[in-house]
>>> print(open('model05.txt').read())   # compact mmCIF, C-alpha atoms and all ligand atoms
# COMPACT_ATOMS: atom_id res chain seq x y z
CA MET K 1 0.00 0.00 0.00
CA ALA K 2 1.48 3.26 -1.16
CA THR K 3 1.61 5.79 1.63
CA GLU K 4 1.67 9.48 1.21
CA MET K 5 5.38 9.56 1.85
CA THR K 6 6.21 7.37 -1.15
CA GLU K 7 4.00 9.03 -3.71
CA ARG K 8 6.31 10.44 -6.30
CA THR K 9 4.68 13.82 -6.91
CA PRO K 10 6.52 17.13 -7.29
CA GLU K 11 4.68 18.50 -4.21
CA ARG K 12 5.87 15.58 -2.17
CA ARG K 13 9.46 16.12 -3.27
CA ASP K 14 9.19 19.74 -2.24
CA ARG K 15 7.77 18.74 1.12
CA ILE K 16 10.59 16.29 1.74
CA LEU K 17 13.20 18.81 0.78
CA GLN K 18 11.67 21.42 3.05
CA ALA K 19 11.56 18.95 5.92
CA LEU K 20 15.17 17.93 5.41
CA GLU K 21 16.21 21.56 5.29
CA LYS K 22 14.30 22.13 8.50
CA LEU K 23 16.13 19.18 10.00
CA LEU K 24 19.52 20.67 9.28
CA GLU K 25 18.45 24.11 10.45
CA ILE K 26 17.77 22.80 13.96
CA PRO K 27 19.85 25.06 16.19
CA PRO K 28 22.53 23.17 18.11
CA ALA K 29 20.91 23.80 21.49
CA ASP K 30 20.99 20.89 23.92
CA THR K 31 20.66 17.32 22.66
CA GLN K 32 17.13 16.84 23.97
CA THR K 33 15.66 19.97 22.37
CA ALA K 34 17.39 19.24 19.07
CA MET K 35 16.29 15.60 19.04
CA ASN K 36 12.67 16.52 19.90
CA GLN K 37 12.65 18.88 16.94
CA ALA K 38 14.21 16.24 14.71
CA ALA K 39 11.56 13.68 15.72
CA GLN K 40 8.76 16.13 15.05
CA CYS K 41 10.28 16.95 11.68
CA VAL K 42 10.42 13.29 10.68
CA LEU K 43 6.84 12.80 11.88
CA GLU K 44 5.55 15.58 9.62
CA LEU K 45 7.49 14.04 6.78
CA THR K 46 6.16 10.51 7.19
CA LEU K 47 2.66 11.05 8.63
CA ALA K 48 3.44 8.28 11.10
CA ASP K 49 1.81 8.06 14.55
CA LYS K 50 5.05 8.35 16.50
CA VAL K 51 8.73 9.03 15.87
CA ASP K 52 11.47 8.50 18.42
CA VAL K 53 15.15 9.25 18.49
CA PHE K 54 16.39 6.63 20.94
CA LEU K 55 19.94 7.21 22.20
CA PHE K 56 21.99 4.73 24.19
CA GLU K 57 22.55 5.57 27.86
CA PRO K 58 25.65 3.58 28.96
CA SER K 59 25.08 4.09 32.71
CA SER K 60 21.79 2.16 32.59
CA THR K 61 22.45 0.09 29.38
CA THR K 62 19.14 1.38 28.12
CA ILE K 63 18.10 3.11 24.94
CA VAL K 64 16.18 6.24 25.86
CA ALA K 65 13.76 8.22 23.69
CA VAL K 66 15.74 11.45 24.03
CA GLY K 67 13.72 13.05 21.23
CA THR K 68 10.12 12.16 20.58
CA SER K 69 7.27 13.50 18.46
CA ASP K 70 4.35 15.30 20.06
CA THR K 71 1.43 12.93 19.39
CA PRO K 72 -1.14 10.93 21.41
CA MET K 73 0.83 7.71 20.83
CA SER K 74 4.05 9.36 22.02
CA ARG K 75 2.35 10.50 25.22
CA LYS K 76 0.95 7.03 25.79
CA GLN K 77 4.41 5.55 25.25
CA LYS K 78 5.78 7.78 28.01
CA ALA K 79 2.87 6.96 30.33
CA LEU K 80 3.59 3.25 29.85
CA GLY K 81 7.28 3.77 30.53
CA LEU K 82 8.12 2.50 27.04
CA ASP K 83 10.30 5.55 26.32
CA ARG K 84 13.13 3.71 28.10
CA LEU K 85 14.03 0.30 26.71
CA PRO K 86 16.67 -1.66 28.67
CA LEU K 87 18.85 -3.73 26.34
CA ALA K 88 18.21 -6.72 28.61
CA ASN K 89 14.49 -6.68 27.82
CA GLY K 90 15.03 -7.16 24.09
CA GLY K 91 12.44 -6.10 21.52
CA ARG K 92 12.88 -4.86 17.98
CA SER K 93 14.28 -1.38 18.69
CA VAL K 94 16.94 -2.84 20.97
CA GLU K 95 17.71 -5.42 18.28
CA VAL K 96 18.33 -2.64 15.74
CA PHE K 97 20.71 -0.95 18.16
CA GLN K 98 22.57 -4.17 18.90
CA THR K 99 22.84 -5.53 15.36
CA GLY K 100 22.92 -2.27 13.42
CA LYS K 101 20.45 -3.81 10.95
CA THR K 102 17.37 -1.94 9.76
CA PHE K 103 14.06 -3.43 10.91
CA HIS K 104 10.81 -3.28 8.96
CA HIS K 105 7.55 -5.04 9.83
CA ASN K 106 3.99 -4.17 8.82
CA ARG K 107 2.12 -6.61 11.06
CA GLN K 108 3.70 -6.32 14.42
CA ASP K 109 0.69 -7.87 16.15
CA GLU K 110 1.95 -11.06 14.54
CA ASP K 111 5.62 -10.46 15.43
CA PRO K 112 6.61 -12.75 18.34
CA GLU K 113 9.90 -10.88 18.87
CA GLU K 114 8.34 -7.50 19.63
CA LEU K 115 7.71 -6.42 23.24
CA PRO K 116 4.08 -7.13 24.27
CA GLY K 117 3.74 -3.56 25.58
CA VAL K 118 4.64 -2.16 22.17
CA LYS K 119 2.28 -4.29 20.10
CA HIS K 120 -0.67 -4.71 22.51
CA GLN K 121 -0.75 -1.66 24.79
CA LEU K 122 0.68 0.91 22.38
CA GLY K 123 -0.98 -0.74 19.39
CA VAL K 124 1.95 -0.55 16.99
CA ARG K 125 1.33 -2.35 13.69
CA SER K 126 3.85 -0.91 11.21
CA HIS K 127 7.39 -0.20 12.32
CA ILE K 128 10.67 0.96 10.79
CA GLY K 129 13.74 1.06 12.99
CA VAL K 130 17.10 2.33 11.70
CA LEU K 131 20.45 2.63 13.42
CA ILE K 132 21.69 6.14 14.25
CA GLU K 133 25.41 6.63 14.06
CA VAL K 134 27.02 9.73 15.56
CA GLY K 135 30.53 10.52 14.42
CA GLY K 136 30.98 6.93 13.20
CA GLU K 137 29.81 5.42 16.49
CA ARG K 138 26.70 3.28 17.03
CA ARG K 139 24.61 5.52 19.22
CA GLY K 140 20.88 4.91 18.91
CA VAL K 141 17.81 4.10 16.85
CA LEU K 142 15.42 6.17 14.78
CA ASP K 143 12.04 4.54 15.31
CA ILE K 144 8.96 5.32 13.19
CA VAL K 145 5.67 3.57 13.84
CA SER K 146 2.06 3.60 12.80
CA SER K 147 -1.05 1.99 14.28
CA LYS K 148 -2.13 1.09 10.76
CA PRO K 149 -0.95 -2.20 9.28
CA ASP K 150 0.99 -2.19 5.99
CA PHE K 151 1.78 1.48 6.37
CA PHE K 152 5.40 1.49 5.14
CA THR K 153 6.90 0.34 1.86
CA ALA K 154 10.44 -0.76 0.98
CA ASP K 155 10.98 2.73 -0.49
CA ASP K 156 10.06 4.26 2.85
CA VAL K 157 12.70 2.12 4.52
CA ARG K 158 15.43 3.41 2.23
CA PHE K 159 14.23 6.94 2.74
CA ILE K 160 14.23 6.58 6.56
CA GLU K 161 17.77 5.20 6.38
CA THR K 162 18.82 8.46 4.76
CA VAL K 163 16.90 10.51 7.30
CA ALA K 164 18.63 8.59 10.11
CA ARG K 165 22.00 9.71 8.76
CA TRP K 166 20.80 13.30 8.80
CA VAL K 167 19.55 12.92 12.37
CA GLY K 168 22.97 11.48 13.29
CA ALA K 169 24.62 14.53 11.73
CA VAL K 170 22.35 16.87 13.73
CA ALA K 171 23.15 15.00 16.96
CA HIS K 172 26.86 15.16 16.17
CA ARG K 173 26.77 18.89 15.62
CA VAL K 174 24.87 19.40 18.89
CA GLU K 175 27.38 17.28 20.81
CA LEU K 176 30.34 19.15 19.34
CA VAL K 177 28.81 22.49 20.28
CA GLU K 178 28.06 21.17 23.79
CA ALA K 179 31.66 19.99 24.18
CA VAL K 180 33.12 23.28 22.96
CA THR K 181 30.80 25.28 25.24
CA LYS K 182 31.72 23.14 28.24
CA ALA K 183 35.43 23.59 27.54
CA ALA K 184 34.97 27.35 27.23
CA VAL K 185 33.11 27.51 30.55
CA ALA K 186 35.83 25.43 32.28
CA GLN K 187 38.52 27.68 30.79
CA GLY K 188 36.71 30.81 31.96
CA ARG K 189 36.25 29.39 35.43
CA ARG K 190 39.93 28.51 35.62
CA ALA K 191 41.01 31.98 34.53
CA ALA K 192 38.73 33.55 37.16
CA ALA K 193 40.08 31.17 39.84
CA GLU K 194 43.65 32.05 38.92
CA GLU K 195 42.97 35.74 39.16
CA LEU K 196 41.25 35.26 42.51
CA ILE K 197 44.22 33.26 43.80
CA THR K 198 46.68 35.96 42.78
CA ILE K 199 44.62 38.72 44.40
CA LEU K 200 44.06 36.67 47.56
CA ALA K 201 47.75 35.81 47.77
CA HIS K 202 48.63 39.46 47.52
CA ASP K 203 46.18 40.47 50.28
CA MET K 204 47.27 37.63 52.50
CA GLY K 205 50.86 38.75 52.07
CA ASN K 206 49.90 42.16 53.44
CA HIS K 207 48.23 40.64 56.49
CA LEU K 208 51.36 38.64 57.26
CA ILE K 209 53.47 41.70 58.02
CA PRO K 210 51.71 42.76 61.26
CA ILE K 211 51.51 39.11 62.38
CA ARG K 212 55.24 38.72 61.85
CA MET K 213 55.95 41.89 63.86
CA ARG K 214 53.72 40.79 66.74
CA LEU K 215 55.38 37.37 66.79
CA GLU K 216 58.83 38.95 66.93
CA LEU K 217 57.64 41.05 69.86
CA ILE K 218 56.35 37.97 71.68
CA HIS K 219 59.57 36.14 70.84
CA ARG K 220 61.73 38.91 72.32
CA ARG K 221 59.56 39.26 75.40
CA ALA K 222 59.65 35.51 76.01
CA ALA K 223 63.42 35.53 75.62
CA ARG K 224 63.77 38.45 78.03
CA GLU K 225 61.56 36.80 80.65
CA ARG K 226 63.19 33.39 80.03
CA ALA K 227 59.72 31.87 79.47
CA SER K 228 61.02 28.81 77.65
CA GLU K 229 57.60 27.37 76.77
CA TYR K 230 56.44 30.63 75.18
CA LEU K 231 59.75 30.90 73.43
CA ARG K 232 59.34 27.46 71.87
CA ASP K 233 55.79 28.23 70.77
CA ALA K 234 56.83 31.58 69.30
CA GLU K 235 59.63 29.93 67.32
CA ALA K 236 57.25 27.25 66.01
CA ALA K 237 54.73 29.93 65.02
CA GLU K 238 57.49 31.87 63.23
CA GLN K 239 58.47 28.74 61.29
CA SER K 240 54.86 28.19 60.17
CA LEU K 241 54.58 31.83 59.24
CA LYS K 242 57.73 31.57 57.15
CA ALA K 243 56.31 28.56 55.29
CA LEU K 244 53.08 30.47 54.73
CA GLY K 245 55.04 33.43 53.42
CA ARG K 246 56.87 31.20 50.94
CA LEU K 247 53.59 29.71 49.77
CA ILE K 248 52.09 33.14 49.22
CA SER K 249 55.09 34.43 47.34
CA ASP K 250 55.06 31.29 45.13
CA LEU K 251 51.41 31.98 44.35
CA MET K 252 52.12 35.58 43.51
CA ASP K 253 54.97 34.52 41.24
CA VAL K 254 52.65 32.21 39.39
CA GLY K 255 50.32 35.16 38.88
CA ARG K 256 53.22 37.28 37.63
CA LEU K 257 54.33 34.53 35.24
CA GLU K 258 50.81 34.26 33.86
CA GLN K 259 50.63 38.01 33.28
CA GLY K 260 54.14 38.21 31.82
CA LEU K 261 55.26 40.42 34.73
CA PHE K 262 57.90 38.02 36.01
CA SER K 263 61.16 39.91 35.74
CA LEU K 264 64.79 39.28 36.61
CA THR K 265 67.37 41.59 38.13
CA ARG K 266 70.61 40.08 36.88
CA TYR K 267 74.16 40.64 37.91
CA PRO K 268 77.29 38.50 38.33
CA THR K 269 76.30 36.00 40.97
CA ASP K 270 78.31 33.22 42.58
CA LEU K 271 76.22 30.05 42.37
CA VAL K 272 78.35 28.35 45.02
CA ALA K 273 77.68 31.11 47.55
CA ILE K 274 73.94 30.72 47.01
CA ALA K 275 74.17 26.93 47.24
CA GLU K 276 76.16 27.21 50.50
CA GLU K 277 73.61 29.51 52.06
CA VAL K 278 70.62 27.39 51.05
CA ALA K 279 72.35 24.19 52.22
CA ARG K 280 73.25 25.72 55.57
CA LEU K 281 69.75 27.07 56.28
CA ALA K 282 68.01 23.89 55.15
CA THR K 283 70.17 21.51 57.16
CA THR K 284 68.46 20.23 60.31
CA PRO K 285 69.53 17.33 62.55
CA GLY K 286 69.07 14.10 60.57
CA ARG K 287 68.25 16.03 57.37
CA GLU K 288 71.59 17.17 56.13
CA VAL K 289 72.19 19.03 52.88
CA GLN K 290 75.76 18.52 51.56
CA LEU K 291 77.50 20.67 48.99
CA THR K 292 79.85 19.26 46.35
CA GLY K 293 81.47 20.48 43.15
CA THR K 294 83.51 23.48 42.13
CA PRO K 295 84.50 26.14 44.75
CA GLU K 296 83.22 29.12 42.71
CA LEU K 297 81.06 29.62 39.63
CA VAL K 298 79.86 33.07 38.60
CA VAL K 299 76.78 33.39 36.42
CA ASP K 300 74.87 36.39 35.14
CA ALA K 301 71.65 35.84 37.01
CA ASP K 302 69.07 37.05 39.50
CA PRO K 303 70.40 35.73 42.84
CA ASN K 304 67.00 35.90 44.58
CA ARG K 305 65.35 33.86 41.87
CA LEU K 306 68.14 31.28 41.85
CA ARG K 307 67.87 30.98 45.63
CA GLN K 308 64.12 30.49 45.31
CA ALA K 309 64.64 27.76 42.68
CA LEU K 310 67.22 25.96 44.77
CA GLU K 311 65.13 26.25 47.94
CA ASN K 312 62.23 24.59 46.14
CA LEU K 313 64.38 21.72 44.85
CA VAL K 314 66.03 21.17 48.24
CA ALA K 315 62.66 21.32 50.05
CA ASN K 316 61.28 18.66 47.70
CA ALA K 317 64.36 16.46 48.10
CA GLN K 318 64.23 16.71 51.89
CA LYS K 319 60.51 16.02 51.92
CA HIS K 320 61.04 12.81 49.97
CA SER K 321 64.28 11.58 51.56
CA PRO K 322 64.35 9.14 54.41
CA ALA K 323 65.86 10.68 57.56
CA GLY K 324 69.61 10.11 57.84
CA LEU K 325 70.33 10.13 54.10
CA PRO K 326 71.75 13.48 52.98
CA VAL K 327 70.57 15.59 50.07
CA ILE K 328 73.45 16.51 47.76
CA VAL K 329 73.64 19.92 46.08
CA ASP K 330 76.28 20.07 43.37
CA VAL K 331 77.58 23.07 41.39
CA ASN K 332 79.62 22.40 38.27
CA ARG K 333 80.60 23.48 34.79
CA GLN K 334 79.80 21.48 31.69
CA GLN K 335 81.34 21.90 28.27
CA ARG K 336 78.87 21.11 25.51
CA GLN K 337 78.75 21.62 21.76
CA ASP K 338 76.45 24.61 22.30
CA GLY K 339 78.79 26.28 24.82
CA THR K 340 79.61 26.16 28.49
CA TRP K 341 76.86 25.63 31.03
CA ALA K 342 76.63 26.00 34.76
CA LEU K 343 74.88 23.02 36.32
CA LEU K 344 73.13 23.29 39.65
CA SER K 345 71.95 19.84 40.73
CA VAL K 346 69.98 18.47 43.64
CA LYS K 347 70.06 14.75 44.32
CA ASP K 348 68.22 12.69 46.90
CA GLN K 349 68.00 9.03 47.80
CA GLY K 350 64.24 8.88 48.25
CA PRO K 351 61.64 6.81 46.38
CA GLY K 352 61.99 8.75 43.11
CA ILE K 353 59.24 10.38 41.04
CA PRO K 354 56.12 8.30 40.36
CA PRO K 355 56.48 7.42 36.64
CA GLU K 356 52.90 8.47 35.86
CA LEU K 357 53.71 11.96 37.21
CA LEU K 358 56.82 12.44 35.06
CA PRO K 359 55.20 13.67 31.81
CA ARG K 360 53.41 16.52 33.63
CA LEU K 361 55.87 17.02 36.48
CA PHE K 362 56.77 20.64 35.69
CA GLU K 363 53.22 21.77 35.00
CA ARG K 364 51.27 24.03 37.32
CA PHE K 365 49.31 22.23 40.05
CA SER K 366 50.88 18.91 39.11
CA LYS K 367 51.69 17.00 42.28
CA GLY K 368 51.92 13.57 43.82
CA PRO K 369 49.05 11.96 45.73
CA LYS K 370 50.62 12.59 49.16
CA SER K 371 51.72 16.19 48.57
CA LYS K 372 50.42 18.79 51.00
CA GLY K 373 51.69 21.57 48.71
CA LEU K 374 50.09 23.16 45.70
CA GLY K 375 52.21 21.54 43.01
CA LEU K 376 53.73 24.89 42.05
CA GLY K 377 57.35 24.42 43.14
CA LEU K 378 58.73 22.69 40.07
CA TYR K 379 56.70 24.90 37.76
CA LEU K 380 58.42 27.92 39.32
CA VAL K 381 61.85 26.31 39.19
CA ARG K 382 61.46 25.59 35.48
CA SER K 383 60.12 29.11 34.84
CA ILE K 384 63.11 30.61 36.65
CA ALA K 385 65.56 28.41 34.70
CA GLU K 386 63.91 29.34 31.41
CA ALA K 387 63.82 33.05 32.24
CA HIS K 388 67.63 32.80 32.46
CA GLY K 389 67.83 31.04 29.08
CA GLY K 390 68.38 27.73 30.85
CA THR K 391 66.55 24.47 31.46
CA LEU K 392 65.30 22.22 34.23
CA THR K 393 65.65 18.47 33.73
CA VAL K 394 64.98 15.46 35.91
CA GLN K 395 66.24 11.90 36.07
CA SER K 396 64.50 9.44 38.27
CA GLU K 397 63.94 5.73 38.54
CA PRO K 398 61.46 4.34 41.06
CA GLY K 399 63.29 3.45 44.27
CA LYS K 400 66.52 5.14 43.20
CA GLY K 401 65.98 8.76 44.19
CA ALA K 402 65.67 11.79 41.97
CA LEU K 403 68.19 14.11 40.33
CA PHE K 404 67.06 17.59 39.29
CA VAL K 405 69.43 19.71 37.22
CA VAL K 406 69.13 23.43 36.51
CA ALA K 407 71.40 24.29 33.55
CA LEU K 408 72.28 27.96 32.97
CA PRO K 409 74.25 29.29 30.00
CA LEU K 410 77.65 30.53 31.07
CA VAL K 411 79.46 33.40 29.40
CA GLU K 412 83.06 32.87 30.46
CA GLU K 413 85.42 35.80 30.57
CA GLY K 414 88.23 35.83 28.04
N1 LIG K 501 62.77 14.80 45.05
C1 LIG K 501 61.56 14.25 44.83
N2 LIG K 501 61.35 12.93 45.08
C2 LIG K 501 60.15 12.37 44.84
N3 LIG K 501 59.08 13.03 44.36
C3 LIG K 501 59.22 14.35 44.11
C4 LIG K 501 60.47 15.02 44.31
N4 LIG K 501 60.30 16.31 43.96
C5 LIG K 501 59.05 16.44 43.53
N5 LIG K 501 58.38 15.26 43.62
C6 LIG K 501 56.99 14.99 43.22
O1 LIG K 501 56.62 16.01 42.30
C7 LIG K 501 55.44 16.68 42.74
C8 LIG K 501 55.50 18.12 42.28
O2 LIG K 501 56.49 18.83 43.00
P1 LIG K 501 56.30 20.38 43.22
O3 LIG K 501 57.45 20.89 43.96
O4 LIG K 501 55.97 21.01 41.91
O5 LIG K 501 54.97 20.45 44.11
P2 LIG K 501 54.76 20.11 45.64
O6 LIG K 501 56.06 19.93 46.32
O7 LIG K 501 53.77 19.01 45.72
O8 LIG K 501 54.02 21.41 46.16
P3 LIG K 501 54.70 22.87 46.34
O9 LIG K 501 56.10 22.80 45.86
O10 LIG K 501 53.82 23.77 45.51
O11 LIG K 501 54.59 23.14 47.79
C9 LIG K 501 55.43 16.48 44.25
O12 LIG K 501 54.11 16.54 44.76
C10 LIG K 501 56.02 15.09 44.39
O13 LIG K 501 55.03 14.10 44.21
MG MG K 502 57.61 21.41 46.07
>>> encode(input="model05.txt", output="structure tokens", more="lines below")
Ligand SMILES: Nc1ncnc2c1ncn2[C@@H]1O[C@H](COP(=O)(O)OP(=O)(O)OP(=O)(O)O)[C@@H](O)[C@H]1O
Ligand SMILES: [Mg+2]
Amino acid sequence: MATEMTERTPERRDRILQALEKLLEIPPADTQTAMNQAAQCVLELTLADKVDVFLFEPSSTTIVAVGTSDTPMSRKQKALGLDRLPLANGGRSVEVFQTGKTFHHNRQDEDPEELPGVKHQLGVRSHIGVLIEVGGERRGVLDIVSSKPDFFTADDVRFIETVARWVGAVAHRVELVEAVTKAAVAQGRRAAAEELITILAHDMGNHLIPIRMRLELIHRRAARERASEYLRDAEAAEQSLKALGRLISDLMDVGRLEQGLFSLTRYPTDLVAIAEEVARLATTPGREVQLTGTPELVVDADPNRLRQALENLVANAQKHSPAGLPVIVDVNRQQRQDGTWALLSVKDQGPGIPPELLPRLFERFSKGPKSKGLGLGLYLVRSIAEAHGGTLTVQSEPGKGALFVVALPLVEEG
């Protein structure tokens, strides 16, 4: 029986073309809105009783009528809960999704494989089901049904197969737009968070000054009155405050780096003198920092920045070293094909860097699972090395410690 959709009249061709154009004009809003519009479009094109765009929902292994036409049969389908078809329950629509093969039946009341709810309660007689692929992936089923028997012809089937490809293209476009929008929102949120962090860090830095002065006052008073308990507490509080100060200045540096405001004040600087100072201040009982290498090595550099870089490397090494095993800081020269380099290395005998962390080790906020820090230290060290025209490299094997090397170009006199 020829249906209206297969009559080959010029008006019908026009109608189909208009409907297909409408299909592609669907704005890439959210998937549900777009798929509802697509279903309605196909309904008008086919004069069927119900059209569904079923999409697979992996979390529930169910195909779900994400888009559906606005008709009495569609509403009944929803009321019966037949707009969600678990793969486990079988039925013809699920079969199309699982096999990828088009289904066509004009007497579903006689089809033993169809779900009883679909044929008896919903009263489906004629049915075309076609796979929907999105971006080359099997993703759902375009389902078109009528309560009339013998409603669809073989021509209709071919036509619906084409329409299903168009619906897949619409879904793909919607998903791409959704993904791009989501990424843009995440990016915006991250930029706002970074700005907030920089501003907060700056304000916190200002609040630290009066606290530090008060603590010094307490410290001196405790010393004068020989109140040893207060003295110990004041010293501990000063240590914590110092750590907090370092954290804040790291955060502010990250902000400066992001805004391109990170600057160097360079002059001839003895690397060994810096290494000595950092090693001396970082050494505590059982956590020794030893210095090896050449007795003097002058580089054209910002001494404060180099100290900051070395402090970060030594702090990491000490954090990850077992007590009793020293951290070694080494300063040396290296002759390479591309010139002479000053090498500032920090070596520990700890567990080494987790291999999965290595590829992103120097990135902002990249840190190990047990870190109580922010994951900014190595990012800053690398930024400082690069600002001097140098590099930061790492060698580490699990269980065999870690070796970090800052290489700085050396312009030797003469
Ligand atoms: N010497 C080391 N031995 C083992 N793991 C290390 C060593 N140095 C760094 N790591 C690993 O690399 C991660 C990143 O180090 P990074 O210094 O950038 O951040 P952090 O120390 O966690 O925090 P922050 O330095 O901001 O306080 C650390 O969390 C740690 O897992
Ligand atoms: Mg660190």
>>> closest_residue(input="model05.txt", among="K:Gly245, K:Gly377, K:Gly129, K:Pro72", to="ligand MG 502 (chain K)", atoms="only C-alpha atoms and all ligand atoms")
K:Gly377
>>> residues_near_ligand(input="model05.txt", ligand="ligand MG 502 (chain K)", cutoff="8 Å", atoms="only C-alpha atoms and all ligand atoms", output="VMD selection string")
chain K and resid 312 to 313 315 to 316 373 to 378
>>> closest_residue(input="model05.txt", among="K:Ser228, K:Asn89, K:Ser321, K:Asn304", to="ligand LIG 501 (chain K)", atoms="all atoms listed in the file")
K:Ser321
>>> residues_around(input="model05.txt", residues="segment 120-122 of chain K", least_positions_apart="5", cutoff="8 Å", atoms="all atoms listed in the file", output="list in words")
Met73, Lys76, Gln77 and Asp109 of chain K
>>> write_last_selection(input="model05.txt", atoms="C-alpha atoms", output="compact mmCIF listing (two decimals), in the frame of the given file")
# COMPACT_ATOMS: atom_id res chain seq x y z
CA MET K 73 0.83 7.71 20.83
CA LYS K 76 0.95 7.03 25.79
CA GLN K 77 4.41 5.55 25.25
CA ASP K 109 0.69 -7.87 16.15
>>> closest_atom_pairs(input="model05.txt", of="chain K", to="ligand LIG 501 (chain K)", cutoff="7 Å", atoms="all atoms listed in the file", output="CSV")
residue,atom,partner,partner_atom,distance
K:Leu247,CA,K:LIG501,O11,6.9
K:Asn312,CA,K:LIG501,O9,6.4
K:Leu313,CA,K:LIG501,N4,6.8
K:Asn316,CA,K:LIG501,N4,4.5
K:Ala317,CA,K:LIG501,N1,3.8
K:His320,CA,K:LIG501,N2,4.9
K:Asp348,CA,K:LIG501,N1,6.1
K:Gly350,CA,K:LIG501,N2,5.9
K:Pro351,CA,K:LIG501,C2,6.0
K:Gly352,CA,K:LIG501,C2,4.4
K:Ile353,CA,K:LIG501,N3,4.3
K:Pro354,CA,K:LIG501,N3,6.9
K:Leu361,CA,K:LIG501,C8,5.9
K:Phe362,CA,K:LIG501,O4,6.3
K:Ser366,CA,K:LIG501,C8,5.7
K:Lys367,CA,K:LIG501,O12,3.5
K:Gly368,CA,K:LIG501,O13,3.2
K:Pro369,CA,K:LIG501,O13,6.5
K:Lys370,CA,K:LIG501,O13,6.8
K:Ser371,CA,K:LIG501,O7,4.5
K:Lys372,CA,K:LIG501,O7,6.3
K:Gly373,CA,K:LIG501,O11,3.4
K:Leu374,CA,K:LIG501,O10,3.8
K:Gly375,CA,K:LIG501,O5,3.2
K:Leu376,CA,K:LIG501,O10,3.6
K:Gly377,CA,K:LIG501,O9,3.4
K:Leu378,CA,K:LIG501,O4,3.7
K:Tyr379,CA,K:LIG501,O4,5.7
K:Gly401,CA,K:LIG501,N2,6.3
K:Ala402,CA,K:LIG501,N1,5.2
>>> write_last_selection(input="model05.txt", atoms="C-alpha atoms", output="mmCIF file, in the coordinates of the input")
data_model
loop_
_atom_site.group_PDB
_atom_site.id
_atom_site.type_symbol
_atom_site.label_atom_id
_atom_site.label_comp_id
_atom_site.auth_asym_id
_atom_site.auth_seq_id
_atom_site.Cartn_x
_atom_site.Cartn_y
_atom_site.Cartn_z
ATOM 1 C CA LEU K 247 53.590 29.710 49.770
ATOM 2 C CA ASN K 312 62.230 24.590 46.140
ATOM 3 C CA LEU K 313 64.380 21.720 44.850
ATOM 4 C CA ASN K 316 61.280 18.660 47.700
ATOM 5 C CA ALA K 317 64.360 16.460 48.100
ATOM 6 C CA HIS K 320 61.040 12.810 49.970
ATOM 7 C CA ASP K 348 68.220 12.690 46.900
ATOM 8 C CA GLY K 350 64.240 8.880 48.250
ATOM 9 C CA PRO K 351 61.640 6.810 46.380
ATOM 10 C CA GLY K 352 61.990 8.750 43.110
ATOM 11 C CA ILE K 353 59.240 10.380 41.040
ATOM 12 C CA PRO K 354 56.120 8.300 40.360
ATOM 13 C CA LEU K 361 55.870 17.020 36.480
ATOM 14 C CA PHE K 362 56.770 20.640 35.690
ATOM 15 C CA SER K 366 50.880 18.910 39.110
ATOM 16 C CA LYS K 367 51.690 17.000 42.280
ATOM 17 C CA GLY K 368 51.920 13.570 43.820
ATOM 18 C CA PRO K 369 49.050 11.960 45.730
ATOM 19 C CA LYS K 370 50.620 12.590 49.160
ATOM 20 C CA SER K 371 51.720 16.190 48.570
ATOM 21 C CA LYS K 372 50.420 18.790 51.000
ATOM 22 C CA GLY K 373 51.690 21.570 48.710
ATOM 23 C CA LEU K 374 50.090 23.160 45.700
ATOM 24 C CA GLY K 375 52.210 21.540 43.010
ATOM 25 C CA LEU K 376 53.730 24.890 42.050
ATOM 26 C CA GLY K 377 57.350 24.420 43.140
ATOM 27 C CA LEU K 378 58.730 22.690 40.070
ATOM 28 C CA TYR K 379 56.700 24.900 37.760
ATOM 29 C CA GLY K 401 65.980 8.760 44.190
ATOM 30 C CA ALA K 402 65.670 11.790 41.970
#
>>> closest_atom_pairs(input="model05.txt", of="segment 53-92 of chain K", to="segment 163-184 of chain K", cutoff="12 Å", atoms="all atoms listed in the file", output="Markdown table")
| residue | atom | partner | partner_atom | distance |
| --- | --- | --- | --- | --- |
| K:Val53 | CA | K:Val167 | CA | 8.4 |
| K:Phe54 | CA | K:Val167 | CA | 11.1 |
| K:Leu55 | CA | K:Ala171 | CA | 9.9 |
| K:Val66 | CA | K:Ala171 | CA | 10.8 |
| K:Gly67 | CA | K:Ala171 | CA | 10.5 |
>>> residues_around(input="model05.txt", residues="His202 of chain K", least_positions_apart="2", cutoff="9 Å", atoms="all atoms listed in the file", output="JSON, numbers by chain")
{"K": [197, 198, 199, 200, 204, 205, 206, 248, 249, 251, 252]}
